[in-house]
Structure formats: C-alpha cells, structure tokens
>>> print(open('entry15.cif').read())   # mmCIF, C-alpha atoms
data_entry
loop_
_atom_site.label_atom_id
_atom_site.label_comp_id
_atom_site.auth_asym_id
_atom_site.auth_seq_id
_atom_site.Cartn_x
_atom_site.Cartn_y
_atom_site.Cartn_z
CA MET A 567 -10.70 30.79 -0.76
CA THR A 568 -11.97 29.06 2.32
CA ARG A 569 -15.47 27.77 2.09
CA ALA A 570 -17.64 26.71 4.99
CA ALA A 571 -16.88 23.22 6.19
CA ALA A 572 -20.45 22.17 5.68
CA ALA A 573 -20.55 23.33 2.08
CA VAL A 574 -20.01 19.86 0.70
CA ILE A 575 -22.74 18.32 2.79
CA THR A 576 -25.10 21.19 2.21
CA SER A 577 -24.62 21.06 -1.52
CA ALA A 578 -25.09 17.32 -1.54
CA LEU A 579 -28.31 17.59 0.43
CA LEU A 580 -29.86 20.62 -1.15
CA GLY A 581 -28.26 20.41 -4.54
CA CYS A 582 -27.31 24.07 -4.36
CA ALA A 583 -24.30 25.26 -6.30
CA VAL A 584 -20.84 25.60 -4.81
CA SER A 585 -18.14 26.96 -7.09
CA ALA A 586 -16.55 23.97 -8.81
CA ALA A 587 -13.25 25.72 -9.44
CA ALA A 588 -11.18 24.70 -6.44
CA ASP A 589 -8.06 26.44 -5.30
CA GLU A 590 -5.00 24.24 -5.23
CA ILE A 591 -3.30 23.70 -1.89
CA PRO A 592 -0.24 25.99 -1.58
CA LEU A 593 2.95 23.93 -1.89
CA ASN A 594 4.10 24.69 1.66
CA GLN A 595 0.79 23.59 3.18
CA ARG A 596 0.77 20.14 1.67
CA LYS A 597 0.68 17.21 4.07
CA SER A 598 1.15 13.52 3.52
CA GLY A 599 -1.66 11.32 4.80
CA TYR A 600 0.99 10.03 7.22
CA GLU A 601 0.72 13.23 9.24
CA MET A 602 -3.00 12.67 9.81
CA MET A 603 -2.60 9.12 11.10
CA GLY A 604 -2.57 7.99 14.69
CA ARG A 605 0.61 7.14 16.58
CA GLU A 606 0.19 3.37 16.21
CA SER A 607 -0.34 3.48 12.46
CA ARG A 608 2.70 5.71 12.05
CA ALA A 609 4.83 3.33 14.11
CA MET A 610 3.61 0.46 11.94
CA GLN A 611 4.78 2.23 8.78
CA ASP A 612 8.06 3.44 10.26
CA ASP A 613 9.45 0.01 11.12
CA ASP A 614 10.09 -2.38 8.23
CA LEU A 615 9.61 -5.27 10.67
CA THR A 616 6.04 -4.21 11.48
CA ASN A 617 4.98 -2.82 8.10
CA PRO A 618 2.97 -5.58 6.39
CA GLY A 619 3.68 -3.92 3.03
CA MET A 620 7.19 -5.35 3.33
CA PHE A 621 5.80 -8.82 2.60
CA TRP A 622 4.98 -7.61 -0.91
CA VAL A 623 8.38 -5.99 -1.20
CA LEU A 624 10.07 -9.28 -0.27
CA ASP A 625 7.83 -11.22 -2.67
CA GLY A 626 8.62 -8.64 -5.34
CA GLU A 627 12.33 -9.09 -4.78
CA ALA A 628 11.93 -12.84 -5.40
CA LEU A 629 9.86 -12.18 -8.54
CA TRP A 630 12.43 -9.68 -9.78
CA LYS A 631 14.99 -12.48 -9.97
CA ARG A 632 12.66 -15.17 -11.32
CA LYS A 633 13.07 -16.20 -14.96
CA ASP A 634 9.64 -16.24 -16.49
CA ASP A 635 7.90 -17.87 -19.44
CA ALA A 636 9.05 -17.87 -23.07
CA ALA A 637 11.88 -15.36 -23.00
CA GLU A 638 13.58 -17.05 -20.04
CA LYS A 639 14.47 -13.60 -18.79
CA SER A 640 14.05 -12.15 -15.33
CA CYS A 641 13.64 -8.46 -14.56
CA ALA A 642 17.15 -8.59 -13.12
CA ASP A 643 18.62 -9.87 -16.41
CA CYS A 644 17.92 -6.49 -18.02
CA HIS A 645 17.72 -4.14 -15.06
CA GLY A 646 20.31 -5.64 -12.73
CA ASP A 647 20.14 -4.72 -9.08
CA ALA A 648 16.87 -2.90 -8.48
CA ARG A 649 18.35 -1.06 -5.51
CA THR A 650 20.38 1.01 -7.94
CA SER A 651 18.58 0.66 -11.29
CA MET A 652 15.09 1.35 -9.91
CA LYS A 653 16.08 4.14 -7.55
CA GLY A 654 13.76 7.10 -8.08
CA VAL A 655 11.85 5.39 -10.91
CA ALA A 656 8.51 5.17 -9.10
CA ALA A 657 8.77 8.88 -8.27
CA ARG A 658 8.69 9.63 -12.02
CA TYR A 659 5.59 7.55 -12.88
CA PRO A 660 3.13 7.81 -14.62
CA ALA A 661 5.70 8.53 -17.34
CA PHE A 662 5.24 9.25 -21.04
CA ASP A 663 5.53 6.22 -23.28
CA ALA A 664 6.49 7.25 -26.82
CA ALA A 665 5.25 4.02 -28.44
CA ARG A 666 1.80 4.43 -26.94
CA GLY A 667 1.71 8.20 -27.25
CA ARG A 668 0.44 8.64 -23.71
CA PRO A 669 1.60 8.27 -20.09
CA VAL A 670 1.60 4.82 -18.50
CA ASP A 671 1.69 4.10 -14.79
CA LEU A 672 4.21 1.86 -13.09
CA GLU A 673 1.98 -1.23 -13.10
CA GLN A 674 1.30 -0.78 -16.80
CA ARG A 675 5.04 -0.40 -17.37
CA ILE A 676 5.69 -3.66 -15.51
CA ASN A 677 3.13 -5.45 -17.68
CA ILE A 678 4.51 -3.86 -20.87
CA CYS A 679 7.91 -5.25 -19.89
CA ARG A 680 6.33 -8.64 -19.28
CA THR A 681 4.59 -8.87 -22.63
CA ASP A 682 7.21 -7.18 -24.82
CA ARG A 683 10.48 -8.22 -23.21
CA GLN A 684 9.75 -11.33 -21.19
CA LYS A 685 7.17 -12.69 -23.67
CA ALA A 686 5.04 -13.59 -20.69
CA THR A 687 1.37 -13.10 -19.88
CA PRO A 688 0.62 -9.81 -18.15
CA PHE A 689 -0.35 -9.95 -14.48
CA PRO A 690 -4.02 -9.19 -13.76
CA ALA A 691 -4.84 -5.89 -12.03
CA GLU A 692 -4.47 -6.05 -8.22
CA SER A 693 -2.90 -9.51 -8.43
CA LYS A 694 -0.37 -10.39 -5.74
CA GLU A 695 2.42 -10.62 -8.31
CA LEU A 696 1.78 -7.23 -9.87
CA LEU A 697 1.45 -5.52 -6.51
CA ALA A 698 4.60 -7.27 -5.30
CA LEU A 699 6.71 -6.01 -8.21
CA ASP A 700 5.11 -2.58 -7.93
CA ALA A 701 5.90 -2.50 -4.21
CA TYR A 702 9.47 -3.69 -4.73
CA VAL A 703 10.19 -1.09 -7.41
CA SER A 704 8.41 1.67 -5.49
CA ARG A 705 10.33 0.80 -2.32
CA GLN A 706 13.53 1.84 -4.10
CA SER A 707 12.21 5.41 -4.27
CA ARG A 708 11.36 5.74 -0.60
CA GLY A 709 12.36 9.17 0.69
CA LEU A 710 12.97 10.56 -2.80
CA PRO A 711 10.96 13.54 -4.08
CA ILE A 712 8.13 13.01 -6.56
CA GLU A 713 9.11 14.20 -10.04
CA ALA A 714 6.25 12.92 -12.21
CA GLY A 715 4.52 15.33 -14.56
CA SER A 716 7.53 17.42 -15.53
CA ASP A 717 7.66 15.92 -19.06
CA GLU A 718 6.21 18.38 -21.61
CA ARG A 719 4.66 15.55 -23.65
CA SER A 720 2.62 14.51 -20.60
CA LYS A 721 1.13 17.98 -20.08
CA PRO A 722 -2.12 17.47 -22.06
CA PHE A 723 -2.80 14.31 -20.06
CA LEU A 724 -2.01 16.06 -16.82
CA GLU A 725 -4.56 18.72 -17.76
CA LYS A 726 -7.14 16.00 -18.44
CA GLY A 727 -6.41 14.60 -15.00
CA ARG A 728 -6.79 18.03 -13.46
CA ALA A 729 -10.15 18.49 -15.20
CA LEU A 730 -11.31 15.11 -13.91
CA PHE A 731 -10.19 16.04 -10.39
CA ASN A 732 -12.33 19.19 -10.51
CA GLU A 733 -15.30 17.63 -12.26
CA ARG A 734 -18.42 16.80 -10.30
CA GLN A 735 -19.42 13.19 -10.66
CA GLY A 736 -21.80 10.58 -9.37
CA GLN A 737 -25.12 10.73 -7.64
CA LEU A 738 -23.66 12.82 -4.84
CA ASN A 739 -22.46 15.31 -7.45
CA LEU A 740 -19.05 15.73 -5.83
CA SER A 741 -15.63 16.44 -7.27
CA CYS A 742 -12.34 15.17 -5.83
CA ALA A 743 -11.38 18.79 -5.20
CA GLN A 744 -14.33 19.49 -2.95
CA CYS A 745 -13.00 17.08 -0.37
CA HIS A 746 -9.26 17.04 -0.96
CA ASP A 747 -8.56 20.69 -1.87
CA ASP A 748 -11.34 22.52 -0.03
CA ASN A 749 -12.07 20.44 3.04
CA TRP A 750 -8.95 18.46 3.91
CA GLY A 751 -8.41 18.23 7.64
CA GLN A 752 -12.17 18.20 8.26
CA LYS A 753 -13.98 15.01 9.15
CA LEU A 754 -16.01 12.73 6.93
CA ALA A 755 -17.96 10.17 8.93
CA GLY A 756 -15.53 10.64 11.81
CA ALA A 757 -12.39 10.09 9.74
CA PRO A 758 -10.08 12.94 8.78
CA ILE A 759 -10.17 13.93 5.11
CA PRO A 760 -6.59 13.77 3.79
CA GLN A 761 -5.25 15.93 1.01
CA GLY A 762 -5.18 12.88 -1.22
CA HIS A 763 -1.50 12.66 -2.09
CA PRO A 764 -0.37 9.48 -3.85
CA ASN A 765 3.09 9.39 -2.24
CA GLY A 766 2.81 6.02 -0.49
CA TYR A 767 1.37 3.71 -3.15
CA PRO A 768 1.11 0.82 -3.39
CA LEU A 769 0.14 0.91 0.26
CA TYR A 770 -1.13 -1.38 2.96
CA ARG A 771 -4.57 -0.22 3.96
CA LEU A 772 -5.79 -1.60 7.26
CA GLU A 773 -9.36 -1.46 6.03
CA TRP A 774 -8.47 -3.64 3.04
CA GLN A 775 -6.21 -5.88 5.10
CA THR A 776 -3.96 -6.00 2.10
CA LEU A 777 -1.77 -3.97 -0.18
CA GLY A 778 -3.55 -2.05 -2.92
CA SER A 779 -2.78 0.23 -5.82
CA LEU A 780 -3.68 3.89 -6.26
CA GLN A 781 -6.28 2.84 -8.82
CA ARG A 782 -7.99 0.69 -6.21
CA ARG A 783 -8.09 3.72 -3.92
CA LEU A 784 -9.49 5.95 -6.68
CA ARG A 785 -12.12 3.32 -7.37
CA ASN A 786 -12.96 3.44 -3.67
CA CYS A 787 -13.48 7.22 -3.82
CA LEU A 788 -15.61 6.99 -6.97
CA VAL A 789 -17.86 4.36 -5.44
CA GLY A 790 -18.19 6.60 -2.37
CA MET A 791 -19.35 9.42 -4.63
CA ARG A 792 -21.87 7.02 -6.19
CA ALA A 793 -20.09 7.40 -9.51
CA GLU A 794 -19.38 4.50 -11.82
CA PRO A 795 -15.73 3.51 -11.41
CA TYR A 796 -13.55 3.07 -14.49
CA SER A 797 -12.09 -0.34 -15.20
CA PHE A 798 -8.55 -0.97 -13.99
CA GLY A 799 -5.96 0.48 -16.34
CA ALA A 800 -8.40 2.97 -17.86
CA PRO A 801 -6.70 6.09 -19.31
CA GLU A 802 -8.84 8.29 -17.04
CA TYR A 803 -7.22 6.72 -13.98
CA VAL A 804 -3.73 7.19 -15.37
CA ASP A 805 -4.42 10.86 -16.18
CA LEU A 806 -5.74 11.33 -12.66
CA GLU A 807 -2.73 9.53 -11.18
CA LEU A 808 -0.47 11.80 -13.19
CA TYR A 809 -2.24 14.92 -11.95
CA LEU A 810 -2.13 13.66 -8.36
CA MET A 811 1.59 12.93 -8.60
CA TRP A 812 2.23 16.37 -10.08
CA ARG A 813 0.09 17.91 -7.34
CA ALA A 814 2.35 16.14 -4.80
CA ARG A 815 5.55 17.11 -6.65
CA GLY A 816 8.58 17.32 -4.41
CA MET A 817 6.95 15.40 -1.57
CA PRO A 818 8.94 12.35 -0.41
CA MET A 819 7.80 8.87 -1.43
CA GLU A 820 6.76 6.56 1.43
CA SER A 821 6.07 3.32 -0.44
CA PRO A 822 4.96 0.93 0.85
CA ALA A 823 3.02 3.15 3.23
CA VAL A 824 0.44 2.12 5.82
CA ARG A 825 -2.91 3.88 5.97
CA PRO A 826 -6.00 3.27 8.07
CA MET B 520 5.82 -20.65 2.48
CA ALA B 521 4.57 -17.71 4.43
CA ARG B 522 6.97 -14.97 5.25
CA ALA B 523 7.42 -13.89 8.85
CA LEU B 524 9.14 -10.83 10.26
CA VAL B 525 10.27 -10.98 13.88
CA ASN B 526 11.94 -8.28 15.89
CA VAL B 527 13.96 -9.30 18.94
CA PRO B 528 16.65 -7.03 20.38
CA ALA B 529 20.06 -8.53 19.56
CA LYS B 530 21.46 -7.57 22.96
CA ALA B 531 19.90 -7.03 26.38
CA LYS B 532 20.99 -6.66 30.00
CA ARG B 533 20.13 -9.49 32.38
CA GLY B 534 16.75 -8.87 33.97
CA GLU B 535 15.76 -6.26 31.39
CA ILE B 536 12.23 -6.29 29.96
CA VAL B 537 12.49 -6.64 26.18
CA GLU B 538 9.78 -6.14 23.61
CA ILE B 539 9.27 -8.82 20.97
CA LYS B 540 7.31 -8.31 17.78
CA ALA B 541 6.17 -10.95 15.32
CA LEU B 542 4.35 -10.35 12.05
CA ILE B 543 3.33 -13.12 9.65
CA GLN B 544 1.98 -13.13 6.12
CA HIS B 545 -1.43 -14.81 6.04
CA ASP B 546 -4.77 -13.98 4.40
CA MET B 547 -6.82 -15.14 7.44
CA GLU B 548 -9.76 -16.12 5.27
CA THR B 549 -12.72 -16.01 7.67
CA GLY B 550 -14.94 -18.68 6.14
CA PHE B 551 -17.83 -16.21 6.00
CA ARG B 552 -17.05 -14.59 2.67
CA VAL B 553 -18.59 -15.52 -0.63
CA GLY B 554 -16.43 -15.94 -3.74
CA THR B 555 -17.25 -14.85 -7.29
CA SER B 556 -18.91 -18.21 -7.98
CA GLY B 557 -21.37 -17.66 -5.13
CA ASN B 558 -19.85 -20.36 -2.95
CA ILE B 559 -18.51 -19.76 0.55
CA ILE B 560 -14.73 -19.46 0.59
CA PRO B 561 -13.61 -22.11 3.11
CA ARG B 562 -12.09 -20.90 6.34
CA ASP B 563 -8.30 -20.71 6.23
CA ILE B 564 -6.79 -19.06 9.27
CA ILE B 565 -3.87 -19.36 11.65
CA THR B 566 -5.24 -20.90 14.83
CA ASP B 567 -2.22 -20.96 17.15
CA PHE B 568 0.88 -18.93 17.85
CA VAL B 569 3.58 -19.95 20.31
CA CYS B 570 6.83 -18.27 21.27
CA LYS B 571 9.50 -20.22 23.15
CA TYR B 572 12.61 -18.86 24.83
CA ASN B 573 15.28 -21.56 24.92
CA GLY B 574 12.55 -24.17 24.64
CA GLN B 575 10.39 -22.71 27.38
CA GLU B 576 7.03 -21.36 26.34
CA ILE B 577 6.72 -17.65 27.14
CA PHE B 578 3.75 -16.60 25.00
CA ARG B 579 0.82 -18.39 23.42
CA ALA B 580 -2.20 -17.14 21.55
CA GLU B 581 -5.24 -18.70 19.96
CA LEU B 582 -6.50 -16.96 16.82
CA PHE B 583 -10.05 -16.74 15.51
CA PRO B 584 -11.72 -15.64 12.26
CA ALA B 585 -12.17 -12.04 13.47
CA ILE B 586 -8.41 -11.48 13.60
CA SER B 587 -7.06 -9.43 10.73
CA ALA B 588 -4.95 -10.65 7.85
CA ASN B 589 -1.19 -10.68 8.47
CA PRO B 590 -1.55 -11.01 12.26
CA PHE B 591 0.89 -9.02 14.37
CA PHE B 592 1.85 -9.79 17.96
CA ALA B 593 3.88 -7.61 20.30
CA PHE B 594 4.67 -8.80 23.80
CA SER B 595 7.44 -8.57 26.35
CA THR B 596 9.63 -10.95 28.31
CA ILE B 597 12.47 -10.72 30.80
CA ALA B 598 15.90 -11.32 29.32
CA THR B 599 17.23 -14.10 31.53
CA GLU B 600 19.92 -15.79 29.47
CA SER B 601 21.48 -15.76 26.02
CA GLY B 602 19.81 -18.04 23.56
CA THR B 603 17.19 -18.41 20.90
CA LEU B 604 13.57 -17.41 20.66
CA THR B 605 11.50 -19.58 18.38
CA PHE B 606 8.18 -18.57 16.91
CA GLU B 607 5.66 -21.10 15.63
CA TRP B 608 2.42 -20.46 13.82
CA SER B 609 -0.01 -23.24 12.90
CA GLY B 610 -3.45 -23.27 11.41
CA ASP B 611 -6.00 -24.60 8.96
CA LYS B 612 -5.05 -26.75 5.98
CA GLY B 613 -1.92 -27.90 7.77
CA PHE B 614 -0.45 -24.41 7.87
CA SER B 615 2.82 -24.27 9.72
CA ALA B 616 5.57 -21.67 9.89
CA THR B 617 8.55 -21.18 12.15
CA GLU B 618 11.02 -18.40 12.68
CA SER B 619 13.77 -17.85 15.20
CA ALA B 620 15.94 -15.04 16.51
CA ASP B 621 18.96 -14.96 18.81
CA ILE B 622 19.40 -12.75 21.83
CA THR B 623 22.62 -12.09 23.74
CA VAL B 624 22.17 -11.34 27.43
CA GLU B 625 25.03 -9.60 29.20
#
>>> encode(input="entry15.cif", output="structure tokens")
Amino acid sequence: MTRAAAAVITSALLGCAVSAAADEIPLNQRKSGYEMMGRESRAMQDDDLTNPGMFWVLDGEALWKRKDDAAEKSCADCHGDARTSMKGVAARYPAFDAARGRPVDLEQRINICRTDRQKATPFPAESKELLALDAYVSRQSRGLPIEAGSDERSKPFLEKGRALFNERQGQLNLSCAQCHDDNWGQKLAGAPIPQGHPNGYPLYRLEWQTLGSLQRRLRNCLVGMRAEPYSFGAPEYVDLELYLMWRARGMPMESPAVRP
Amino acid sequence: MARALVNVPAKAKRGEIVEIKALIQHDMETGFRVGTSGNIIPRDIITDFVCKYNGQEIFRAELFPAISANPFFAFSTIATESGTLTFEWSGDKGFSATESADITVE
C-alpha cells in the first residue's frame, strides 16, 4: 500500500509509471486539514471573533433576510430561521436534484432558488454575495457529520468523481490521489500535503486573503498540476465535490474554516 | 459599512493585563494590482488604527499596502478602571469605521 515518498516526484521527472489505482485512506486514519495547521491558524479558526470567515457569515445573514428583485421574496420568507431550517443542509450537499437529473452543489442550489423562486439574477461564481450565503448556510452545519453521497441516485456521479480523482491529468501527469491518498502528511514545497477533505468550505484561505469555494480550491490544484481547469459550475467539479464529501463522510463540518 | 469584530474581556481585576483583539473587514487593495481591463486598481487601504480606553489612546498603528486583507490586531493593556474601549479605523477614500466595547473592572 505504501509507496515511497518520492514516487510522485520521480514519476513526474522521469515519466515512469506508478500504479494509478490508489488505496483509499482507512476511515479511522482520516484527518481534517485543521490538524495539520499551526497553532496560530487553529486559534484563528476556533474563535468566531478572530475568524475572518465570519464576515461572510454575517453578510450572508443580512442577505438571507433581504427581499430581492421581482419576486419580492427573501430566503427567510420561505426557509424561516436558517439556524433551524438550514441545520445540517450543507453536510448533505452536493445533493441530487430531480429536475436536473444530477447532483447540484450548495452554491448551485442557492442560485437555483434565486432564479426559480426569487425571480432574481443568479450571483456570479465566487462573488461576495454567493460566498456570503454559502458561508451562512454552511455555518449552520458546523460540527455536524458529513452525509453527502448516501443518495442512491447520486451514485453514478459519485463514481465519475472517483474516476476523476484517480485520473492522471495535466502536464505533470498527476492524479489527485497521488498526493492526497498516497502522500498526505509528506511535504510539497515545504508545506504539508493534506488529505484533501472538503469539510470546511467555503473557507478563508490566508493565501487568498479572502473566502473561497471548494471549486476555487480544486481549480488551484488543477493549475498546479498544469491541467486546464474546468469553468466554475462545471459538472466535473460537482462530481468531484460529491466524491470528496463522500470520502469525508462522517467527519464534522468546520465551515467557515481557516486554512493557510 | 465595514464590519468589525472586537474582543475585550467583559470583566477584569484591577491591574490585570487583558488581551484585546480587533478584526476588521477590508480588502486592503494594494494599488499594485492590475484589473481585468489592464489598468492599475487604485490603492484602497486602511491607513490608521487607534484604540482608546476611556478617551485615552492606548494603541495606535499605521498600516501600509503590504498588510493583509481584513487586518487583525491583538494587543494588551492594564485594566485600570471600568469604562469603554473605542476602536477607530480610517483610510483611503474617506474610509472610517468605529467600534466600542465595555469593560468592568472590579
């Protein structure tokens, strides 16, 4: 099971073959990225008065109550108090949407609500408003176990996500699994390689100096592999998000988390 | 209006050293970045931060473009008397924000 730590680098340099079929991390050995952070970054996440992600949560709370555009309806008009109605919701996304015949992630769900129910224009990807609502809804699931991927109808999409996770891509010819299944805990350019669990999104990344979605993070990884990133909202991302959530099943949500 | 989060202990003993934390929402646009149109995005940062304890200045900082977005300050003071701590941020484009917190000294 264990491969040499240098296998990834060696294969990238010499182009020699390393088995692409990665072993999944045993459930009891899974670790949130939180556990690999330094003391200061952990303290920043732990206290809501020092976690910058809370700004988006507070903005999201204001947006939740705001009546918007044609329908003159706020999120709260249908969903009431998010602290009860949205509890555990983010832990179940991406969730299967019957009308679309495929899973949608939480940001897509928010925009579906906006266009279909509020008769408003959808928020652009990575916009402050979309991230704020995402953060506010996700905050209501903090501490709750991830449940996404248990729906039978989502299974084919989860398998697509798994295939994408194990597929070599880009000029470096790397798969997600080679870093995050096989070599987590090792270093990449001096930084620890995490297991790649999506339990804190949307999260405040110190490198970004802002809050970002899981898709932004996936884009980041793809660019690092010298692969062409998908456009925001692409089905490939959602499948991958679904697989990642299933892979982190049972782990507690940390949204909005802080990461270096 | 920018949001600010301040953390001041509600109660303290006289003479005790208390830690104060202040976080404010601000993009801290450096003035060195280029926008999608190819033009420089004008500098827009917080330039000054002041904390006063019952009107007396106890902490001041000047901020520069290299300081991160959403600047965070943590500092300490001696709890001398009950009262109010006020926090003031000011910066480019007439930016101004204030926040306050009460402390009870026993």
>>> resolve_selection(input="entry15.cif", expression="the PyMOL selection byres ((chain A) within 8 of (chain B))", output="list in words")
Leu615, Thr616, Pro618, Phe621, Gln775 and Thr776 of chain A
>>> write_last_selection(input="entry15.cif", atoms="C-alpha atoms", output="PDB file, in the frame of the given file")
ATOM      1  CA  LEU A 615       9.610  -5.270  10.670  1.00  0.00           C
ATOM      2  CA  THR A 616       6.040  -4.210  11.480  1.00  0.00           C
ATOM      3  CA  PRO A 618       2.970  -5.580   6.390  1.00  0.00           C
ATOM      4  CA  PHE A 621       5.800  -8.820   2.600  1.00  0.00           C
ATOM      5  CA  GLN A 775      -6.210  -5.880   5.100  1.00  0.00           C
ATOM      6  CA  THR A 776      -3.960  -6.000   2.100  1.00  0.00           C
TER       7      THR A 776
END
>>> atom_distance(input="entry15.cif", atom1="CA of Glu625 in chain B", atom2="CA of Ala529 in chain B")
10.9 Å
>>> residues_near_point(input="entry15.cif", point="(5.2, 11.3, -8.9)", cutoff="9 Å", atoms="all atoms listed in the file", output="number ranges by chain")
A: 656-661, 711-715, 764-765, 807-817, 819
>>> residues_near_point(input="entry15.cif", point="(-4.5, -20.9, 11.5)", cutoff="10 Å", atoms="all atoms listed in the file", output="list in words")
His545, Asp546, Met547, Glu548, Arg562, Asp563, Ile564, Ile565, Thr566, Asp567, Phe568, Glu581, Leu582, Phe583, Pro584, Trp608, Ser609, Gly610, Asp611, Lys612, Gly613, Phe614 and Ser615 of chain B
>>> write_last_selection(input="entry15.cif", atoms="C-alpha atoms", output="compact mmCIF listing (two decimals), in the frame of the given file")
# COMPACT_ATOMS: atom_id res chain seq x y z
CA HIS B 545 -1.43 -14.81 6.04
CA ASP B 546 -4.77 -13.98 4.40
CA MET B 547 -6.82 -15.14 7.44
CA GLU B 548 -9.76 -16.12 5.27
CA ARG B 562 -12.09 -20.90 6.34
CA ASP B 563 -8.30 -20.71 6.23
CA ILE B 564 -6.79 -19.06 9.27
CA ILE B 565 -3.87 -19.36 11.65
CA THR B 566 -5.24 -20.90 14.83
CA ASP B 567 -2.22 -20.96 17.15
CA PHE B 568 0.88 -18.93 17.85
CA GLU B 581 -5.24 -18.70 19.96
CA LEU B 582 -6.50 -16.96 16.82
CA PHE B 583 -10.05 -16.74 15.51
CA PRO B 584 -11.72 -15.64 12.26
CA TRP B 608 2.42 -20.46 13.82
CA SER B 609 -0.01 -23.24 12.90
CA GLY B 610 -3.45 -23.27 11.41
CA ASP B 611 -6.00 -24.60 8.96
CA LYS B 612 -5.05 -26.75 5.98
CA GLY B 613 -1.92 -27.90 7.77
CA PHE B 614 -0.45 -24.41 7.87
CA SER B 615 2.82 -24.27 9.72
>>> atom_distance(input="entry15.cif", atom1="CA of Gly756 in chain A", atom2="CA of Met603 in chain A")
13.0 Å
>>> resolve_selection(input="entry15.cif", expression="the PyMOL selection byres ((chain A and resi 795-805) around 6)", output="list in words")
Phe723, Leu724, Gly727, Arg785, Leu788, Glu794, Leu806, Glu807 and Leu808 of chain A
>>> residues_around(input="entry15.cif", residues="Leu604 in chain B", least_positions_apart="5", cutoff="9 Å", atoms="all atoms listed in the file", output="list in words")
Val527, Cys570, Lys571, Tyr572, Asn573, Gly574, Glu618, Ser619, Ala620, Asp621 and Ile622 of chain B
>>> decode(input="entry15.cif", residues="range 585-601 of chain B", atoms="N, CA and C atoms", output="PDB file, in the first residue's frame")
ATOM      1  N   ALA B 585       1.420  46.447   2.279  1.00  0.00           N
ATOM      2  CA  ALA B 585       1.818  45.051   2.434  1.00  0.00           C
ATOM      3  C   ALA B 585       1.005  44.323   3.503  1.00  0.00           C
ATOM      4  N   ILE B 586       0.147  45.037   4.200  1.00  0.00           N
ATOM      5  CA  ILE B 586      -0.646  44.384   5.252  1.00  0.00           C
ATOM      6  C   ILE B 586      -1.848  43.688   4.619  1.00  0.00           C
ATOM      7  N   SER B 587      -2.120  42.495   5.129  1.00  0.00           N
ATOM      8  CA  SER B 587      -3.119  41.625   4.513  1.00  0.00           C
ATOM      9  C   SER B 587      -4.520  42.230   4.539  1.00  0.00           C
ATOM     10  N   ALA B 588      -5.394  41.643   3.756  1.00  0.00           N
ATOM     11  CA  ALA B 588      -6.812  41.992   3.809  1.00  0.00           C
ATOM     12  C   ALA B 588      -7.351  41.636   5.189  1.00  0.00           C
ATOM     13  N   ASN B 589      -8.430  42.271   5.588  1.00  0.00           N
ATOM     14  CA  ASN B 589      -9.066  42.021   6.884  1.00  0.00           C
ATOM     15  C   ASN B 589      -8.048  42.073   8.027  1.00  0.00           C
ATOM     16  N   PRO B 590      -7.406  43.232   8.222  1.00  0.00           N
ATOM     17  CA  PRO B 590      -6.323  43.306   9.214  1.00  0.00           C
ATOM     18  C   PRO B 590      -6.795  42.976  10.636  1.00  0.00           C
ATOM     19  N   PHE B 591      -5.928  42.278  11.331  1.00  0.00           N
ATOM     20  CA  PHE B 591      -6.225  41.800  12.690  1.00  0.00           C
ATOM     21  C   PHE B 591      -5.160  42.327  13.638  1.00  0.00           C
ATOM     22  N   PHE B 592      -5.586  42.943  14.732  1.00  0.00           N
ATOM     23  CA  PHE B 592      -4.648  43.414  15.750  1.00  0.00           C
ATOM     24  C   PHE B 592      -4.963  42.743  17.080  1.00  0.00           C
ATOM     25  N   ALA B 593      -3.920  42.309  17.769  1.00  0.00           N
ATOM     26  CA  ALA B 593      -4.072  41.809  19.133  1.00  0.00           C
ATOM     27  C   ALA B 593      -3.026  42.521  19.974  1.00  0.00           C
ATOM     28  N   PHE B 594      -3.454  43.093  21.074  1.00  0.00           N
ATOM     29  CA  PHE B 594      -2.518  43.805  21.942  1.00  0.00           C
ATOM     30  C   PHE B 594      -3.063  43.714  23.369  1.00  0.00           C
ATOM     31  N   SER B 595      -2.277  44.205  24.320  1.00  0.00           N
ATOM     32  CA  SER B 595      -2.720  44.101  25.699  1.00  0.00           C
ATOM     33  C   SER B 595      -2.674  45.459  26.381  1.00  0.00           C
ATOM     34  N   THR B 596      -3.450  45.584  27.445  1.00  0.00           N
ATOM     35  CA  THR B 596      -3.442  46.805  28.240  1.00  0.00           C
ATOM     36  C   THR B 596      -3.692  46.412  29.692  1.00  0.00           C
ATOM     37  N   ILE B 597      -3.477  47.351  30.587  1.00  0.00           N
ATOM     38  CA  ILE B 597      -3.740  47.083  32.005  1.00  0.00           C
ATOM     39  C   ILE B 597      -5.131  47.610  32.334  1.00  0.00           C
ATOM     40  N   ALA B 598      -5.933  46.756  32.920  1.00  0.00           N
ATOM     41  CA  ALA B 598      -7.288  47.148  33.292  1.00  0.00           C
ATOM     42  C   ALA B 598      -7.196  48.086  34.489  1.00  0.00           C
ATOM     43  N   THR B 599      -7.450  49.368  34.264  1.00  0.00           N
ATOM     44  CA  THR B 599      -7.321  50.339  35.350  1.00  0.00           C
ATOM     45  C   THR B 599      -8.672  50.743  35.935  1.00  0.00           C
ATOM     46  N   GLU B 600      -9.656  50.915  35.068  1.00  0.00           N
ATOM     47  CA  GLU B 600     -10.968  51.345  35.556  1.00  0.00           C
ATOM     48  C   GLU B 600     -12.058  50.865  34.595  1.00  0.00           C
ATOM     49  N   SER B 601     -13.271  50.778  35.109  1.00  0.00           N
ATOM     50  CA  SER B 601     -14.392  50.387  34.256  1.00  0.00           C
ATOM     51  C   SER B 601     -14.621  51.463  33.208  1.00  0.00           C
TER      52      SER B 601
END
